[in-house]
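Visitor: Contents of protein.pdb (PDB, C-alpha atoms) are given next:
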```
ATOM      1  CA  MET A   1    -120.296  32.902  18.809
ATOM      2  CA  GLY A   2    -117.617  32.063  21.308
ATOM      3  CA  ASN A   3    -117.540  29.493  24.010
ATOM      4  CA  ILE A   4    -121.064  28.319  24.615
ATOM      5  CA  ALA A   5    -121.592  24.919  26.140
ATOM      6  CA  LEU A   6    -124.994  23.690  25.019
ATOM      7  CA  THR A   7    -127.228  21.700  27.309
ATOM      8  CA  GLU A   8    -127.789  18.074  26.429
ATOM      9  CA  ALA A   9    -131.413  18.855  25.576
ATOM     10  CA  VAL A  10    -130.491  21.719  23.223
ATOM     11  CA  TYR A  11    -127.732  19.688  21.566
ATOM     12  CA  TYR A  12    -130.055  16.811  20.778
ATOM     13  CA  ILE A  13    -132.889  19.129  19.701
ATOM     14  CA  LEU A  14    -130.594  20.895  17.217
ATOM     15  CA  LEU A  15    -129.284  17.577  15.968
ATOM     16  CA  SER A  16    -132.841  16.314  15.482
ATOM     17  CA  LEU A  17    -133.876  19.428  13.587
ATOM     18  CA  THR A  18    -131.477  18.861  10.721
ATOM     19  CA  ASP A  19    -134.728  17.305   9.453
ATOM     20  CA  ALA A  20    -138.017  19.157   9.905
ATOM     21  CA  LEU A  21    -139.897  17.751  12.890
ATOM     22  CA  HIS A  22    -142.740  18.757  15.179
ATOM     23  CA  GLY A  23    -142.502  18.685  18.965
ATOM     24  CA  TYR A  24    -143.446  15.082  19.519
ATOM     25  CA  GLY A  25    -141.202  14.041  16.626
ATOM     26  CA  ILE A  26    -138.253  15.714  18.376
ATOM     27  CA  MET A  27    -138.988  13.830  21.592
ATOM     28  CA  GLN A  28    -139.138  10.493  19.797
ATOM     29  CA  ASN A  29    -136.035  11.203  17.740
ATOM     30  CA  VAL A  30    -133.960  12.254  20.752
ATOM     31  CA  GLU A  31    -134.967   9.122  22.624
ATOM     32  CA  LYS A  32    -134.029   6.982  19.623
ATOM     33  CA  LEU A  33    -130.711   8.790  19.048
ATOM     34  CA  SER A  34    -129.672   8.297  22.674
ATOM     35  CA  ASN A  35    -130.866   4.674  22.832
ATOM     36  CA  GLY A  36    -133.575   5.593  25.293
ATOM     37  CA  ARG A  37    -131.258   7.443  27.674
ATOM     38  CA  VAL A  38    -132.486  10.997  27.063
ATOM     39  CA  LYS A  39    -136.225  11.442  27.475
ATOM     40  CA  LEU A  40    -137.153  15.068  26.905
ATOM     41  CA  ALA A  41    -140.201  16.103  28.890
ATOM     42  CA  ALA A  42    -142.816  18.227  27.120
ATOM     43  CA  GLY A  43    -142.411  21.313  29.331
ATOM     44  CA  THR A  44    -138.651  21.319  29.033
ATOM     45  CA  LEU A  45    -138.825  20.815  25.267
ATOM     46  CA  TYR A  46    -141.367  23.608  24.816
ATOM     47  CA  GLY A  47    -139.186  26.054  26.741
ATOM     48  CA  ALA A  48    -136.102  25.056  24.777
ATOM     49  CA  ILE A  49    -137.915  25.411  21.424
ATOM     50  CA  ASN A  50    -139.041  28.939  22.329
ATOM     51  CA  THR A  51    -135.549  29.950  23.440
ATOM     52  CA  LEU A  52    -134.040  28.530  20.255
ATOM     53  CA  LEU A  53    -136.647  30.356  18.145
ATOM     54  CA  ASP A  54    -135.794  33.626  19.941
ATOM     55  CA  LYS A  55    -132.101  33.025  19.329
ATOM     56  CA  GLY A  56    -132.785  32.291  15.659
ATOM     57  CA  TRP A  57    -131.119  28.882  15.829
ATOM     58  CA  ILE A  58    -134.264  27.152  14.641
ATOM     59  CA  LYS A  59    -137.329  28.375  12.763
ATOM     60  CA  ALA A  60    -140.932  27.268  12.419
ATOM     61  CA  LEU A  61    -141.981  26.121   8.980
ATOM     62  CA  ASP A  62    -145.249  27.457   7.678
ATOM     63  CA  ASN A  63    -147.237  24.307   7.082
ATOM     64  CA  GLY A  64    -150.529  25.983   6.292
ATOM     65  CA  ALA A  65    -153.690  24.239   7.439
ATOM     66  CA  ASP A  66    -152.494  22.399  10.518
ATOM     67  CA  SER A  67    -150.834  25.352  12.175
ATOM     68  CA  ARG A  68    -151.071  23.813  15.634
ATOM     69  CA  LYS A  69    -148.699  21.038  14.755
ATOM     70  CA  LYS A  70    -145.771  23.285  13.947
ATOM     71  CA  LEU A  71    -142.763  21.888  12.172
ATOM     72  CA  TYR A  72    -139.351  23.226  13.115
ATOM     73  CA  ILE A  73    -136.017  23.153  11.327
ATOM     74  CA  ILE A  74    -132.479  24.262  12.153
ATOM     75  CA  THR A  75    -131.181  27.568  10.691
ATOM     76  CA  ASN A  76    -127.668  28.425   9.492
ATOM     77  CA  SER A  77    -126.743  30.025  12.795
ATOM     78  CA  GLY A  78    -128.088  26.980  14.594
ATOM     79  CA  MET A  79    -125.903  24.826  12.382
ATOM     80  CA  CYS A  80    -122.870  26.983  13.328
ATOM     81  CA  ALA A  81    -123.641  26.554  17.012
ATOM     82  CA  LEU A  82    -124.029  22.820  16.531
ATOM     83  CA  ASN A  83    -120.703  22.524  14.720
ATOM     84  CA  GLU A  84    -118.914  24.507  17.405
ATOM     85  CA  GLU A  85    -120.457  22.286  20.029
ATOM     86  CA  ILE A  86    -119.320  19.136  18.242
ATOM     87  CA  GLU A  87    -115.754  20.502  18.212
ATOM     88  CA  ARG A  88    -116.018  21.314  21.909
ATOM     89  CA  LEU A  89    -117.330  17.854  22.694
ATOM     90  CA  GLU A  90    -114.517  16.285  20.657
ATOM     91  CA  GLU A  91    -112.014  18.183  22.737
ATOM     92  CA  LEU A  92    -113.654  16.964  25.940
ATOM     93  CA  VAL A  93    -113.679  13.351  24.807
ATOM     94  CA  LEU A  94    -110.152  13.510  23.397
ATOM     95  CA  ASN A  95    -108.756  14.908  26.622
ATOM     96  CA  GLY A  96    -110.708  12.402  28.646
ATOM     97  CA  ARG A  97    -109.437   9.482  26.619
ATOM     98  CA  ARG A  98    -105.877  10.783  26.627
ATOM     99  CA  ILE A  99    -105.713  11.159  30.387
ATOM    100  CA  ILE A 100    -107.828   8.166  31.337
ATOM    101  CA  LYS A 101    -106.222   5.684  28.997
ATOM    102  CA  THR A 102    -108.770   2.972  29.441
ATOM    103  CA  GLU A 103    -111.664   2.153  27.253
ATOM    104  CA  ASN A 104    -113.757  -0.355  29.071
ATOM    105  CA  LYS A 105    -111.308  -1.375  31.725
ATOM    106  CA  PRO A 106    -111.928  -0.053  35.207
ATOM    107  CA  VAL A 107    -109.753   2.875  36.022
ATOM    108  CA  GLU A 108    -107.011   2.141  38.496
ATOM    109  CA  ILE A 109    -106.455   5.066  40.716
ATOM    110  CA  SER A 110    -103.393   5.157  42.878
ATOM    111  CA  LEU A 111    -104.118   6.871  46.114
ATOM    112  CA  LYS A 112    -100.512   6.569  47.281
ATOM    113  CA  LYS A 113     -98.618   9.799  47.475
ATOM    114  CA  PRO A 114     -96.062  10.009  44.718
ATOM    115  CA  GLU A 115     -92.648   9.341  46.187
ATOM    116  CA  ARG A 116     -90.492  12.326  45.930
ATOM    117  CA  GLU A 117     -87.144  11.979  44.321
ATOM    118  CA  VAL A 118     -84.350  13.134  46.526
TER
ATOM    119  CA  MET B 119    -167.551   4.656  38.651
ATOM    120  CA  ARG B 120    -166.420   8.133  39.511
ATOM    121  CA  LYS B 121    -165.276   9.166  42.901
ATOM    122  CA  VAL B 122    -165.214  12.723  44.224
ATOM    123  CA  ILE B 123    -162.844  13.773  46.977
ATOM    124  CA  ARG B 124    -162.851  17.211  48.522
ATOM    125  CA  LYS B 125    -159.501  18.248  49.812
ATOM    126  CA  VAL B 126    -157.685  21.517  50.413
ATOM    127  CA  PHE B 127    -154.147  22.137  49.278
ATOM    128  CA  TRP B 128    -152.381  25.452  49.535
ATOM    129  CA  ALA B 129    -150.778  26.649  46.297
ATOM    130  CA  TRP B 130    -147.330  26.367  47.905
ATOM    131  CA  ASP B 131    -147.994  22.689  48.579
ATOM    132  CA  PHE B 132    -148.452  21.944  44.881
ATOM    133  CA  ASP B 133    -145.749  19.253  45.077
ATOM    134  CA  LYS B 134    -147.588  17.528  47.920
ATOM    135  CA  GLU B 135    -150.811  17.799  45.931
ATOM    136  CA  GLU B 136    -149.072  16.235  42.933
ATOM    137  CA  ALA B 137    -147.640  13.445  45.090
ATOM    138  CA  TRP B 138    -151.112  12.734  46.515
ATOM    139  CA  LEU B 139    -152.674  12.610  43.035
ATOM    140  CA  ASN B 140    -149.936  10.217  41.887
ATOM    141  CA  GLU B 141    -150.493   8.050  44.926
ATOM    142  CA  MET B 142    -154.206   7.911  44.071
ATOM    143  CA  ALA B 143    -153.287   6.892  40.505
ATOM    144  CA  SER B 144    -150.971   4.203  41.795
ATOM    145  CA  ARG B 145    -153.905   2.813  43.772
ATOM    146  CA  GLY B 146    -156.100   2.752  40.653
ATOM    147  CA  LEU B 147    -157.827   6.127  40.781
ATOM    148  CA  ALA B 148    -156.905   8.481  37.964
ATOM    149  CA  LEU B 149    -157.807  12.159  38.114
ATOM    150  CA  VAL B 150    -160.435  13.152  35.507
ATOM    151  CA  ALA B 151    -161.596  16.574  36.634
ATOM    152  CA  VAL B 152    -160.544  19.321  39.011
ATOM    153  CA  ASP B 153    -162.540  22.115  40.561
ATOM    154  CA  PHE B 154    -161.987  24.367  43.563
ATOM    155  CA  CYS B 155    -160.884  21.964  46.335
ATOM    156  CA  LYS B 156    -162.674  19.152  44.503
ATOM    157  CA  TYR B 157    -161.021  16.240  42.756
ATOM    158  CA  GLU B 158    -162.858  13.761  40.568
ATOM    159  CA  PHE B 159    -161.338  10.350  39.894
ATOM    160  CA  GLU B 160    -162.141   7.423  37.668
ATOM    161  CA  GLU B 161    -160.994   3.866  38.056
ATOM    162  CA  CYS B 162    -157.859   2.881  36.188
ATOM    163  CA  ALA B 163    -155.320   0.101  36.333
ATOM    164  CA  PRO B 164    -152.994   0.664  39.282
ATOM    165  CA  ASN B 165    -150.102   2.843  38.184
ATOM    166  CA  GLU B 166    -151.566   3.344  34.711
ATOM    167  CA  TYR B 167    -151.326   7.130  34.858
ATOM    168  CA  GLY B 168    -148.850   9.736  36.005
ATOM    169  CA  ILE B 169    -150.064  13.182  37.081
ATOM    170  CA  GLN B 170    -148.237  16.494  36.734
ATOM    171  CA  LEU B 171    -149.168  19.994  37.880
ATOM    172  CA  GLU B 172    -147.865  23.164  36.355
ATOM    173  CA  LEU B 173    -148.243  26.858  37.014
ATOM    174  CA  LEU B 174    -148.277  28.533  33.597
ATOM    175  CA  ASP B 175    -146.813  31.929  32.773
ATOM    176  CA  ASN B 176    -150.201  33.246  31.734
ATOM    177  CA  ILE B 177    -153.840  32.559  32.569
ATOM    178  CA  VAL B 178    -155.122  29.327  31.053
ATOM    179  CA  SER B 179    -157.404  31.048  28.530
ATOM    180  CA  SER B 180    -154.560  33.072  26.952
ATOM    181  CA  GLU B 181    -153.270  32.123  23.522
ATOM    182  CA  GLU B 182    -149.797  31.281  24.878
ATOM    183  CA  SER B 183    -151.246  28.913  27.439
ATOM    184  CA  ARG B 184    -153.587  27.274  24.933
ATOM    185  CA  ASN B 185    -150.654  26.733  22.554
ATOM    186  CA  TYR B 186    -148.650  25.191  25.347
ATOM    187  CA  ILE B 187    -151.459  22.898  26.521
ATOM    188  CA  SER B 188    -152.054  21.619  22.979
ATOM    189  CA  PHE B 189    -148.298  21.071  22.598
ATOM    190  CA  VAL B 190    -148.239  18.920  25.733
ATOM    191  CA  GLU B 191    -151.384  17.080  24.613
ATOM    192  CA  GLU B 192    -149.730  16.232  21.295
ATOM    193  CA  THR B 193    -147.168  14.273  23.256
ATOM    194  CA  GLY B 194    -149.877  11.947  24.548
ATOM    195  CA  ALA B 195    -150.805  13.735  27.772
ATOM    196  CA  GLU B 196    -154.298  14.888  28.646
ATOM    197  CA  CYS B 197    -155.242  18.148  30.311
ATOM    198  CA  VAL B 198    -157.777  17.097  32.955
ATOM    199  CA  GLY B 199    -158.259  20.386  34.698
ATOM    200  CA  THR B 200    -157.264  24.023  34.975
ATOM    201  CA  TRP B 201    -157.485  26.563  37.743
ATOM    202  CA  ILE B 202    -156.536  30.226  37.102
ATOM    203  CA  ARG B 203    -152.937  29.636  35.932
ATOM    204  CA  TRP B 204    -152.650  26.057  37.171
ATOM    205  CA  VAL B 205    -152.987  23.114  34.855
ATOM    206  CA  TYR B 206    -153.358  19.404  35.670
ATOM    207  CA  PHE B 207    -152.051  16.886  33.156
ATOM    208  CA  ARG B 208    -152.248  13.126  33.191
ATOM    209  CA  LYS B 209    -150.540  10.675  30.875
ATOM    210  CA  LYS B 210    -150.443   6.921  30.554
ATOM    211  CA  LYS B 211    -147.110   5.788  31.889
ATOM    212  CA  ASP B 212    -146.511   2.938  29.406
ATOM    213  CA  GLY B 213    -143.438   1.874  31.293
ATOM    214  CA  GLY B 214    -141.890   5.344  31.581
ATOM    215  CA  GLU B 215    -142.508   8.035  34.157
ATOM    216  CA  PHE B 216    -144.587  11.070  33.196
ATOM    217  CA  LYS B 217    -142.661  14.273  33.826
ATOM    218  CA  LEU B 218    -143.163  17.774  32.469
ATOM    219  CA  PHE B 219    -139.589  18.811  33.182
ATOM    220  CA  SER B 220    -136.552  16.721  32.391
ATOM    221  CA  ASP B 221    -133.714  19.013  33.412
ATOM    222  CA  LYS B 222    -132.825  21.105  36.428
ATOM    223  CA  ASP B 223    -133.040  24.427  34.576
ATOM    224  CA  SER B 224    -136.698  23.981  33.728
ATOM    225  CA  LEU B 225    -137.502  22.654  37.214
ATOM    226  CA  ILE B 226    -135.817  25.702  38.743
ATOM    227  CA  ALA B 227    -137.690  28.053  36.386
ATOM    228  CA  HIS B 228    -141.000  26.447  37.346
ATOM    229  CA  LEU B 229    -140.274  26.734  41.076
ATOM    230  CA  GLN B 230    -139.287  30.366  40.571
ATOM    231  CA  ARG B 231    -142.619  31.056  38.849
ATOM    232  CA  ILE B 232    -144.529  29.502  41.762
ATOM    233  CA  ILE B 233    -142.485  31.373  44.361
ATOM    234  CA  ILE B 234    -143.278  34.714  42.719
ATOM    235  CA  PHE B 235    -146.958  33.784  42.335
ATOM    236  CA  ILE B 236    -147.251  32.958  46.039
ATOM    237  CA  ALA B 237    -145.146  35.896  47.136
ATOM    238  CA  VAL B 238    -147.427  38.309  45.298
ATOM    239  CA  LEU B 239    -150.768  36.742  46.254
ATOM    240  CA  GLY B 240    -149.953  35.294  49.646
ATOM    241  CA  ILE B 241    -147.539  37.597  51.350
ATOM    242  CA  ALA B 242    -149.587  40.651  50.344
ATOM    243  CA  ASN B 243    -151.987  39.399  53.037
ATOM    244  CA  LEU B 244    -149.498  40.386  55.749
ATOM    245  CA  PRO B 245    -149.685  44.197  55.499
ATOM    246  CA  ILE B 246    -153.427  44.027  54.762
ATOM    247  CA  GLY B 247    -153.941  41.818  57.798
ATOM    248  CA  LEU B 248    -151.839  44.019  60.022
ATOM    249  CA  LEU B 249    -153.753  47.095  58.916
ATOM    250  CA  ASN B 250    -157.117  45.418  59.546
ATOM    251  CA  VAL B 251    -156.108  44.177  62.987
ATOM    252  CA  MET B 252    -154.796  47.613  63.987
ATOM    253  CA  LEU B 253    -157.978  49.232  62.701
ATOM    254  CA  GLY B 254    -160.038  46.704  64.651
ATOM    255  CA  ILE B 255    -158.100  47.221  67.878
ATOM    256  CA  ASN B 256    -158.360  50.965  67.472
ATOM    257  CA  THR B 257    -162.170  50.873  67.178
ATOM    258  CA  LEU B 258    -162.328  48.469  70.108
ATOM    259  CA  ILE B 259    -160.384  50.853  72.326
ATOM    260  CA  GLU B 260    -161.993  54.090  71.213
ATOM    261  CA  GLU B 261    -165.595  53.050  70.683
ATOM    262  CA  ASN B 262    -165.718  49.710  72.497
ATOM    263  CA  VAL B 263    -167.126  48.048  69.343
ATOM    264  CA  VAL B 264    -165.840  44.834  67.761
ATOM    265  CA  VAL B 265    -165.688  45.401  63.995
ATOM    266  CA  PRO B 266    -165.311  42.566  61.466
ATOM    267  CA  ASN B 267    -161.937  44.008  60.417
ATOM    268  CA  ILE B 268    -160.309  42.292  63.340
ATOM    269  CA  TYR B 269    -161.433  38.804  62.206
ATOM    270  CA  LEU B 270    -160.643  39.574  58.584
ATOM    271  CA  GLY B 271    -157.255  40.850  59.667
ATOM    272  CA  ILE B 272    -156.443  37.698  61.625
ATOM    273  CA  PHE B 273    -157.513  35.615  58.618
ATOM    274  CA  ASN B 274    -155.209  37.683  56.374
ATOM    275  CA  LEU B 275    -152.343  37.262  58.816
ATOM    276  CA  VAL B 276    -152.764  33.484  59.015
ATOM    277  CA  ILE B 277    -152.721  33.155  55.216
ATOM    278  CA  GLY B 278    -149.801  35.552  54.932
ATOM    279  CA  ILE B 279    -147.698  33.656  57.468
ATOM    280  CA  ALA B 280    -148.537  30.284  55.875
ATOM    281  CA  ALA B 281    -147.585  31.696  52.462
ATOM    282  CA  LEU B 282    -144.323  32.996  53.867
ATOM    283  CA  ALA B 283    -143.520  29.536  55.245
ATOM    284  CA  GLY B 284    -144.485  28.003  51.894
ATOM    285  CA  VAL B 285    -142.262  30.387  49.982
ATOM    286  CA  SER B 286    -139.330  29.643  52.247
ATOM    287  CA  ARG B 287    -139.777  25.871  51.823
ATOM    288  CA  LEU B 288    -139.943  26.206  48.023
ATOM    289  CA  THR B 289    -136.959  28.558  48.044
ATOM    290  CA  ARG B 290    -134.898  25.946  49.930
ATOM    291  CA  LYS B 291    -135.975  23.348  47.394
ATOM    292  CA  LYS B 292    -134.933  25.673  44.558
ATOM    293  CA  LYS B 293    -131.570  26.466  46.175
ATOM    294  CA  LYS B 294    -130.835  22.760  46.502
ATOM    295  CA  LEU B 295    -131.522  22.272  42.807
ATOM    296  CA  GLU B 296    -129.382  25.293  41.942
ATOM    297  CA  ALA B 297    -126.492  23.844  43.936
ATOM    298  CA  GLU B 298    -126.803  20.543  42.064
ATOM    299  CA  ARG B 299    -127.060  22.509  38.820
ATOM    300  CA  GLN B 300    -123.510  23.726  39.439
ATOM    301  CA  ILE B 301    -122.204  20.259  38.694
ATOM    302  CA  SER B 302    -124.810  18.677  36.465
ATOM    303  CA  GLU B 303    -127.759  19.413  34.220
TER
END
```
Take the structure I supplied and represent it as structure tokens, if you would.

Guide:
Amino acid sequence: MGNIALTEAVYYILLSLTDALHGYGIMQNVEKLSNGRVKLAAGTLYGAINTLLDKGWIKALDNGADSRKKLYIITNSGMCALNEEIERLEELVLNGRRIIKTENKPVEISLKKPEREV
Amino acid sequence: MRKVIRKVFWAWDFDKEEAWLNEMASRGLALVAVDFCKYEFEECAPNEYGIQLELLDNIVSSEESRNYISFVEETGAECVGTWIRWVYFRKKKDGGEFKLFSDKDSLIAHLQRIIIFIAVLGIANLPIGLLNVMLGINTLIEENVVVPNIYLGIFNLVIGIAALAGVSRLTRKKKKLEAERQISE
């Protein structure tokens, strides 16, 4: 699949759909997962769901009578994309932590020019 | 008590229209119905509702649009009016803002849709207007008769020029978002 950086919305949608959920369920789950930080708006979510369906990363479950309230679930290829993204994110965080060696301390940035050794 | 306000907004001023409707809601008047240049409000608690406008991909009566509207309604919003491909939603704020789009990509896509819509419907008035005015001037010179084409043509030209200005404002807005999109979602 190569080097695809997922958007935050897509990442959290895929993560939510490891369980079958309908649209509103995804919105609530994403908000809960991110401690209220990520609030997916309905239009954005709808567009993302359709793109993910087209890509085959998620699929709609046939839940008979109430066809309007569609349930969605992640597919195998969606799971692959999610796993690759987690690896990519780990790399980002690892590099960030390695170079900025502070956890909660404010970063001290030296603006002085490094003195050149003669 | 319902209150009716008649007001004209050009399609390219949809964001100003939305801002006005939200200002009304913040003053305790929530939109309940929309018709051509006619807005109907009902009393609500100040700031109880947020209003959002969207230009859909398809006409409101199409299956795609109906699916989309019911999807948005499932999330607690209410469709209070439609107009060709435009749809007006309102939702109780409950502490949070009501937005239809939560990332730059979807905001950009929506602006793009509106720009094309206006470009097709609005700017098409320019050549039609020009043709009508030329036809009118021609009859005036040759037969010394004022034909209605000349007025129609001027009307077309005015709309066409306003649409062109609208498109360029929305395009600047879109470009700004696209520049920000380069560094963040």

Visitor: Using the chain letters and numbers from the file, which residues does the ChimeraX specification (/A :<12) & /B grab, as a PyMOL selection string?

Guide: chain B and resi 170-175+181-195+207+209+214-228+299+302-303

Visitor: Please list, as a compact mmCIF listing (two decimals) with C-alpha atoms, in the frame of the given file, the residues that have an atom at most 10 Å away from (-154.0, 42.2, 61.3) in the coordinates of this file, counting only C-alpha atoms.

Guide:
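As a result, selection_29.txt now contains:
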```txt
# COMPACT_ATOMS: atom_id res chain seq x y z
CA ASN B 243 -151.99 39.40 53.04
CA LEU B 244 -149.50 40.39 55.75
CA PRO B 245 -149.68 44.20 55.50
CA ILE B 246 -153.43 44.03 54.76
CA GLY B 247 -153.94 41.82 57.80
CA LEU B 248 -151.84 44.02 60.02
CA LEU B 249 -153.75 47.10 58.92
CA ASN B 250 -157.12 45.42 59.55
CA VAL B 251 -156.11 44.18 62.99
CA MET B 252 -154.80 47.61 63.99
CA LEU B 253 -157.98 49.23 62.70
CA GLY B 254 -160.04 46.70 64.65
CA ILE B 255 -158.10 47.22 67.88
CA ASN B 267 -161.94 44.01 60.42
CA ILE B 268 -160.31 42.29 63.34
CA TYR B 269 -161.43 38.80 62.21
CA LEU B 270 -160.64 39.57 58.58
CA GLY B 271 -157.26 40.85 59.67
CA ILE B 272 -156.44 37.70 61.62
CA PHE B 273 -157.51 35.62 58.62
CA ASN B 274 -155.21 37.68 56.37
CA LEU B 275 -152.34 37.26 58.82
CA VAL B 276 -152.76 33.48 59.02
```

Visitor: Between B:Ala163, B:Val150, B:Ile177, B:Ile236, which one has atoms that come closest to Thr289 (chain B), using all atoms listed in the file?

Guide: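 Smallest distance to Thr289 (chain B) is found for B:Ile236.
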
Visitor: Mind listing whatever residues come within 9 Å of the point (-133.3, 20.1, 14.0)? Use only C-alpha atoms, file coordinates, and give them as a VMD selection string.

Guide: chain A and resid 12 to 21 26 58 72 to 75 78 to 79

Visitor: How many Å lie between CA of Ser179 (chain B) and CA of Val152 (chain B), rounded to one decimal?

Guide: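 Here the two named atoms are 16.0 Å from each other.
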
Visitor: List as a list of chain:residue names the protein and nucleic acid residues near region 135-141 of chain B, meaning an atom at most 8 Å away when all atoms listed in the file are counted, but skip any in the same chain fewer than 4 places from it.

Guide: B:Phe127, B:Asp131, B:Arg145, B:Ala148, B:Leu149, B:Tyr167, B:Gly168, B:Ile169, B:Gln170, B:Leu171

Visitor: Kindly resolve the PyMOL selection byres ((chain B and resi 233) around 9) on the present coordinates and return the residues as a ChimeraX atom specification.

Guide: /B:130,228-232,234-238,284-286,288-289

Visitor: So the first atom is CA of Tyr157 (chain B) and the second is CA of Gly199 (chain B); what is the distance between them in Å, to one decimal place?

Guide: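 According to the coordinates, CA of Tyr157 (chain B) and CA of Gly199 (chain B) are separated by 9.5 Å.
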
Visitor: What is the CA of Tyr11 (chain A)-CA of Gly36 (chain A) distance in Å, reported with one decimal?

Guide: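 Going from CA of Tyr11 (chain A) over to CA of Gly36 (chain A), I get 15.7 Å.
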